[in-house]
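Peer 1: Mind having a look at this structure? Questions to follow.
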Amino acid sequence: MHMELNSGWVLRQAGKESGMPFSVPNDVHSVLLSEGQIKDPYWRDREASLDWVHENEWLIERTVQVEEGLDGPVYLTLSQVDCHAEVSVNGALVGVCENAFLRYDFEVSEHLVSGENKIEILFLSNSKVAAAKADAFPFAVPFVEWNCRLPHYNFLRKTQCDAGWDWNIALSPIGVYGGVSLRSGNAVRFDDVKLTQHHENGRVRLDFEAYFLADSVGNVPLKVEIDGKVVEQSVAFYPGQSSARVSIEINEPKLWWPAGHGEQHLYDAEITLGGERRTMRVGLRKVELVCDKDDVGQRFAFRVNGREIFMRGANWIPADALPARSTPEAVRDILTSAIEANMNMIRVWGGGRYEPDWFYEMCSEMGLMVWQDFMFACNIYPAADRDWLALIREEAKQQVRRLSAHACIGLWCGDNELVGALGWFDECKQDRDKYLAMYDRLNHALEEIVLDEKIDVPWWPSSPSVGPLNFDDGWHDDTSGDMHFWDVWHSAKDFEHYRTVRPRFCSEFGFQSFPSNRVVESFTEADDRNVSSSVMDVHQRNVGGNSRIVETLARYFRFPDSFGDMTYQSQISQALAMKTAIEFWRANKPRCMGTLYWQLNDTWPVASWASLEYGGGWKLFHYAAKEFFSPVLLTAQPDEATGEIVLYAVNDTPESAEISVNLRRVDVGGEVSEVSSYDSKVPTDKAIEVTRLSAASLSETEFLHFDWSDKSGEHSGENEYLPKRPKEYEFQTPEIECTVSDNGDVTLVSDKPALYVTYDHGGDDIYSQNCVTLLPGVPKTLKKLRKRTSHLPASKPSVRSLMS
């Protein structure tokens, strides 16, 4: 018997009679909202008024019919119960959940009766449990209170940003995000499958290991099918937990590649143990983390199928603060936008959640490699508690096994910024050894699981990290390991400061902007639309963030005339910041072999570092990312030593590229002067210098503009370089003619040089480009690629530019 119990539940507040329908997966806030019991949590400053939801206990219950004569033990299986909950069958407590990242299997045979049975899940208050655990611990375990409105969530094994973050609302949702089922009638209980790959001499051996539980002695058939091959064997079992392995060899395999480097071929596999079956889609690839020493320090580069690949991408946070809204449709849209912006990697950040299998299946299908953090971020964790640590080991074991079949998984990383956190709190500063020892227990436990499971994915202890067993704060070390570089945002330094470091791999860095006016209107009243209003402050979770956005605008641009202009201009500022960093670091290839900016998406409507605003709309930053993440890129960089302007070419494709480059000077008054043309062969292993220009080549009123294309016609682009900040030029207000074709393509023509030109800012139509430079009289067509589905009202399209 395998009975899915995902529908037919009733939700009620504990101790109250009235109930409402609840289906799985779901969360309590989303049900209350759909039933009209609460109003939109994202509206204005409503957040704190909904604290009563997470401060109370909630109950879901349903009945299930069970027939007589069940064979063997019966298990109630629950996945992703958030977070502390008591599970009862017919009034008897059968188990307790205390980790949202675990699958629980409760043996319920003795509590079932023939006929109707009642199952209840009582969700305890996350906030009260967190406070009780903190009070009971023998010493203080600090948390990031400047990020988390709700305290002590580092004691809970749930999504850490549910307590708030410097971009997230603090709702502390509860619910069930996986599935619920009853299963019985089999000789063994089939729990997990782990897949490991062994690549050698054009062959791949796949080891499928099935994990199971038995309560008796006997034999059970184990069968694996893949690529037309079938292997079946009889497995002896004994009481307790055990495993069995089946190996299959594939000759002349079709390999899986990250986006831009080959096909994403996936094999369908089926594993059957007794009467239970698992299916998976398997991509054959070999992933290595290259950390060789060199004359700088220690490298940090990904090698896939023997090829070193520069990783271009962003950090992933939960798709929505309300888990029920993180649907496959919403997530696919965000991941599609990542691919459209020429990304090949995302980092699933450690303050979020391990995503469901369909998320990783999408990444594998699209060619998005995943840097996977274990779910620990920016806090101190109570690893001195042996029971808590045992819970973590089980969590890590389940997740490592579950995700082992997904081709996209490229790295397991122990945590996010836990080494740095050792220097943030007074308690740690006063007794660092104690808190360091506690961190080491946690980190070592995770490392042991990854190594003992012998999976074919590299391990990295922390992010950022100089390397294993190095507990120094490596945030500012650009010679080894991965780096988080936050000086430009948190220390309010100029964008040019990005050029003072040359990381081996930058896995976090970012700059904020406001969302589009369309999104701002979705959570504000008209009077709220002022950068210093209390509502705009609520939708800015980083202390001083709105002031920093505005102050930076004044540094780089003429100050905008209206709030609507300011939100748009803030997105120009964000795009310029990220363009400055990423183009410089890509020009330092192979010293730098990856940039993952913070962050890809938003969880609610908020001012943040995201390139996709809440709901998945493209900010100017995301359109800029599509350009500066182009597989073949030309960028101009200043040489501090000589004052020259250096034109670099970067090629991240699998083959060398022969490109033609056209270079020109553009006067802000409108005159365009051709400088020269160049032909260059660009290798794949390093950035090359195409040409140099003296600073005197450009007058005070000129900037550099250039375009390129390769012989195949597959890779082309254009770029510009402004020696001075935009506000220091006397740009004129352009007259831009806009024509929209029947198929939705948009053609723009300007009478004057125009920067950061955008059509329908914040709209649902996605274009081939939409943050462009227009030269006088030169038409540019924005090709409509697709139309997104949005929950927001349509807006009236218009053309904007820096001087509009």
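Chain lettering (A, B, ...) mirrors the order of the structure tokens, residue numbering begins at 1 for each chain separately, and ligand numbering begins at 1 in order of display.
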Compile the contact shell of range 557-574 of chain A as a PyMOL selection string: residues with an atom at most 9 Å away, counting only C-alpha atoms, same-chain residues fewer than 5 positions apart removed.
Peer 2: chain A and resi 510-517+520+529-531+549-550+552+579+609+611+619-621+725-728+756+761+771+800+802-804
Peer 1: Restrict the selected residues to N, CA and C atoms and save them as a compact mmCIF listing (two decimals), in the first residue's frame.
Peer 2:
```
# COMPACT_ATOMS: atom_id res chain seq x y z
N GLY A 510 27.47 42.74 -4.24
CA GLY A 510 26.25 43.28 -4.82
C GLY A 510 26.05 44.74 -4.49
N PHE A 511 25.06 45.32 -5.16
CA PHE A 511 24.67 46.70 -4.91
C PHE A 511 23.17 46.80 -5.08
N GLN A 512 22.53 47.63 -4.25
CA GLN A 512 21.07 47.68 -4.22
C GLN A 512 20.46 48.66 -5.22
N SER A 513 19.17 48.41 -5.49
CA SER A 513 18.33 49.39 -6.17
C SER A 513 16.91 49.24 -5.64
N PHE A 514 16.08 50.21 -5.99
CA PHE A 514 14.65 50.08 -5.74
C PHE A 514 14.03 49.21 -6.82
N PRO A 515 12.90 48.57 -6.51
CA PRO A 515 12.19 47.88 -7.59
C PRO A 515 11.56 48.90 -8.53
N SER A 516 10.98 48.41 -9.63
CA SER A 516 10.35 49.29 -10.59
C SER A 516 9.14 50.00 -9.97
N ASN A 517 8.72 51.08 -10.59
CA ASN A 517 7.55 51.81 -10.10
C ASN A 517 6.32 50.91 -10.06
N VAL A 520 6.59 48.98 -6.87
CA VAL A 520 6.38 49.89 -5.74
C VAL A 520 4.89 50.18 -5.56
N ARG A 529 4.99 56.97 -1.59
CA ARG A 529 6.02 56.91 -2.64
C ARG A 529 6.99 58.07 -2.52
N ASN A 530 7.72 57.99 -1.43
CA ASN A 530 8.79 58.93 -1.12
C ASN A 530 9.92 58.10 -0.53
N VAL A 531 11.13 58.39 -0.93
CA VAL A 531 12.24 57.51 -0.56
C VAL A 531 12.44 57.42 0.95
N ILE A 549 21.52 54.17 -1.34
CA ILE A 549 21.14 54.22 -2.75
C ILE A 549 21.12 55.67 -3.23
N VAL A 550 20.47 56.53 -2.46
CA VAL A 550 20.31 57.93 -2.87
C VAL A 550 21.65 58.65 -2.89
N THR A 552 24.56 57.42 -3.38
CA THR A 552 25.36 56.96 -4.51
C THR A 552 24.88 57.58 -5.81
N LYS A 579 28.41 45.97 -13.45
CA LYS A 579 29.19 45.97 -14.69
C LYS A 579 30.66 46.28 -14.39
N TRP A 609 19.34 43.82 -3.52
CA TRP A 609 20.46 43.60 -4.45
C TRP A 609 20.05 42.74 -5.66
N SER A 611 18.63 41.14 -9.17
CA SER A 611 18.51 41.60 -10.55
C SER A 611 17.12 41.30 -11.10
N LYS A 619 14.95 43.78 -13.77
CA LYS A 619 15.50 45.11 -13.55
C LYS A 619 16.50 45.42 -14.68
N LEU A 620 16.92 46.69 -14.75
CA LEU A 620 17.97 47.04 -15.71
C LEU A 620 19.22 46.21 -15.47
N PHE A 621 19.48 45.91 -14.22
CA PHE A 621 20.64 45.10 -13.84
C PHE A 621 20.62 43.76 -14.57
N ARG A 725 32.60 59.91 -14.59
CA ARG A 725 31.27 59.52 -14.15
C ARG A 725 30.21 60.19 -15.03
N PRO A 726 29.07 59.54 -15.22
CA PRO A 726 28.07 60.09 -16.14
C PRO A 726 27.69 61.54 -15.85
N LYS A 727 27.62 61.93 -14.58
CA LYS A 727 27.16 63.29 -14.26
C LYS A 727 28.18 64.35 -14.70
N GLU A 728 29.43 63.93 -14.98
CA GLU A 728 30.46 64.88 -15.36
C GLU A 728 30.42 65.22 -16.85
N TYR A 756 21.65 54.00 -21.31
CA TYR A 756 20.72 53.26 -20.45
C TYR A 756 19.27 53.43 -20.94
N HIS A 761 9.97 49.85 -18.79
CA HIS A 761 10.70 49.47 -17.59
C HIS A 761 9.77 48.78 -16.59
N CYS A 771 18.64 47.71 -22.07
CA CYS A 771 19.38 48.72 -21.30
C CYS A 771 20.53 49.11 -22.21
N ARG A 800 12.56 55.33 -21.55
CA ARG A 800 13.34 56.10 -20.58
C ARG A 800 14.81 56.08 -20.98
N LEU A 802 18.90 57.94 -19.59
CA LEU A 802 19.59 58.63 -18.49
C LEU A 802 19.12 60.07 -18.36
N MET A 803 18.91 60.75 -19.50
CA MET A 803 18.57 62.17 -19.46
C MET A 803 17.07 62.43 -19.63
N SER A 804 16.26 61.36 -19.68
CA SER A 804 14.83 61.59 -19.87
C SER A 804 14.14 62.01 -18.59
```
Peer 1: Set the distance at 10 Å and use only C-alpha atoms: which residues neighbour Glu225 in chain A once local chain neighbours fewer than 3 positions away are removed? I'd like the list as a short mmCIF file (atom, residue, chain, number, x, y, z; two decimals) with N, CA and C atoms, in the first residue's frame.
Peer 2:
```cif
data_model
loop_
_atom_site.label_atom_id
_atom_site.label_comp_id
_atom_site.auth_asym_id
_atom_site.auth_seq_id
_atom_site.Cartn_x
_atom_site.Cartn_y
_atom_site.Cartn_z
N GLY A 228 18.54 1.43 -21.58
CA GLY A 228 18.26 0.13 -22.17
C GLY A 228 18.87 -1.04 -21.45
N LYS A 229 19.62 -0.78 -20.38
CA LYS A 229 20.26 -1.85 -19.61
C LYS A 229 19.41 -2.12 -18.36
N VAL A 230 19.34 -3.40 -18.00
CA VAL A 230 18.60 -3.82 -16.82
C VAL A 230 19.49 -4.73 -15.99
N VAL A 231 19.65 -4.39 -14.73
CA VAL A 231 20.40 -5.23 -13.80
C VAL A 231 19.48 -5.53 -12.62
N GLU A 232 19.35 -6.81 -12.30
CA GLU A 232 18.49 -7.22 -11.21
C GLU A 232 19.21 -8.21 -10.33
N ILE A 248 26.14 -0.24 -13.02
CA ILE A 248 25.88 -0.33 -14.45
C ILE A 248 26.92 0.51 -15.17
N ASP A 268 17.08 8.53 -18.44
CA ASP A 268 16.02 8.15 -17.52
C ASP A 268 16.41 6.85 -16.81
N ALA A 269 16.33 6.88 -15.48
CA ALA A 269 16.68 5.71 -14.68
C ALA A 269 15.50 5.34 -13.79
N GLU A 270 15.36 4.05 -13.55
CA GLU A 270 14.30 3.54 -12.67
C GLU A 270 14.90 2.52 -11.72
N ILE A 271 14.64 2.68 -10.43
CA ILE A 271 15.16 1.78 -9.40
C ILE A 271 13.95 1.21 -8.66
N THR A 272 13.89 -0.09 -8.60
CA THR A 272 12.78 -0.76 -7.92
C THR A 272 13.34 -1.66 -6.82
N THR A 279 12.20 6.99 -9.68
CA THR A 279 12.68 7.38 -11.00
C THR A 279 13.57 8.60 -10.85
#
```
Peer 1: Tell me, in Å to one decimal, how far CA of Lys16 in chain A is from CA of Asn126 in chain A.
Peer 2: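 Going from CA of Lys16 in chain A over to CA of Asn126 in chain A covers 19.2 Å.
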Peer 1: Write out as a VMD selection string all residues of range 188-377 of chain A that backbone DSSP assigns to strand (DSSP E or B).
Peer 2: chain A and resid 188 to 200 203 to 214 218 to 226 229 to 237 240 to 251 255 to 256 264 267 to 273 276 to 282 284 287 to 290 293 298 301 to 304 307 to 309 311 to 316 345 to 348 369 to 373 377
Peer 1: Under the rule that only C-alpha atoms are counted, which of A:Pro328, A:Gly260, A:Gly91, A:Gly185 is the nearest residue to Asp357 in chain A?
Peer 2: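 Closest candidate: A:Pro328.
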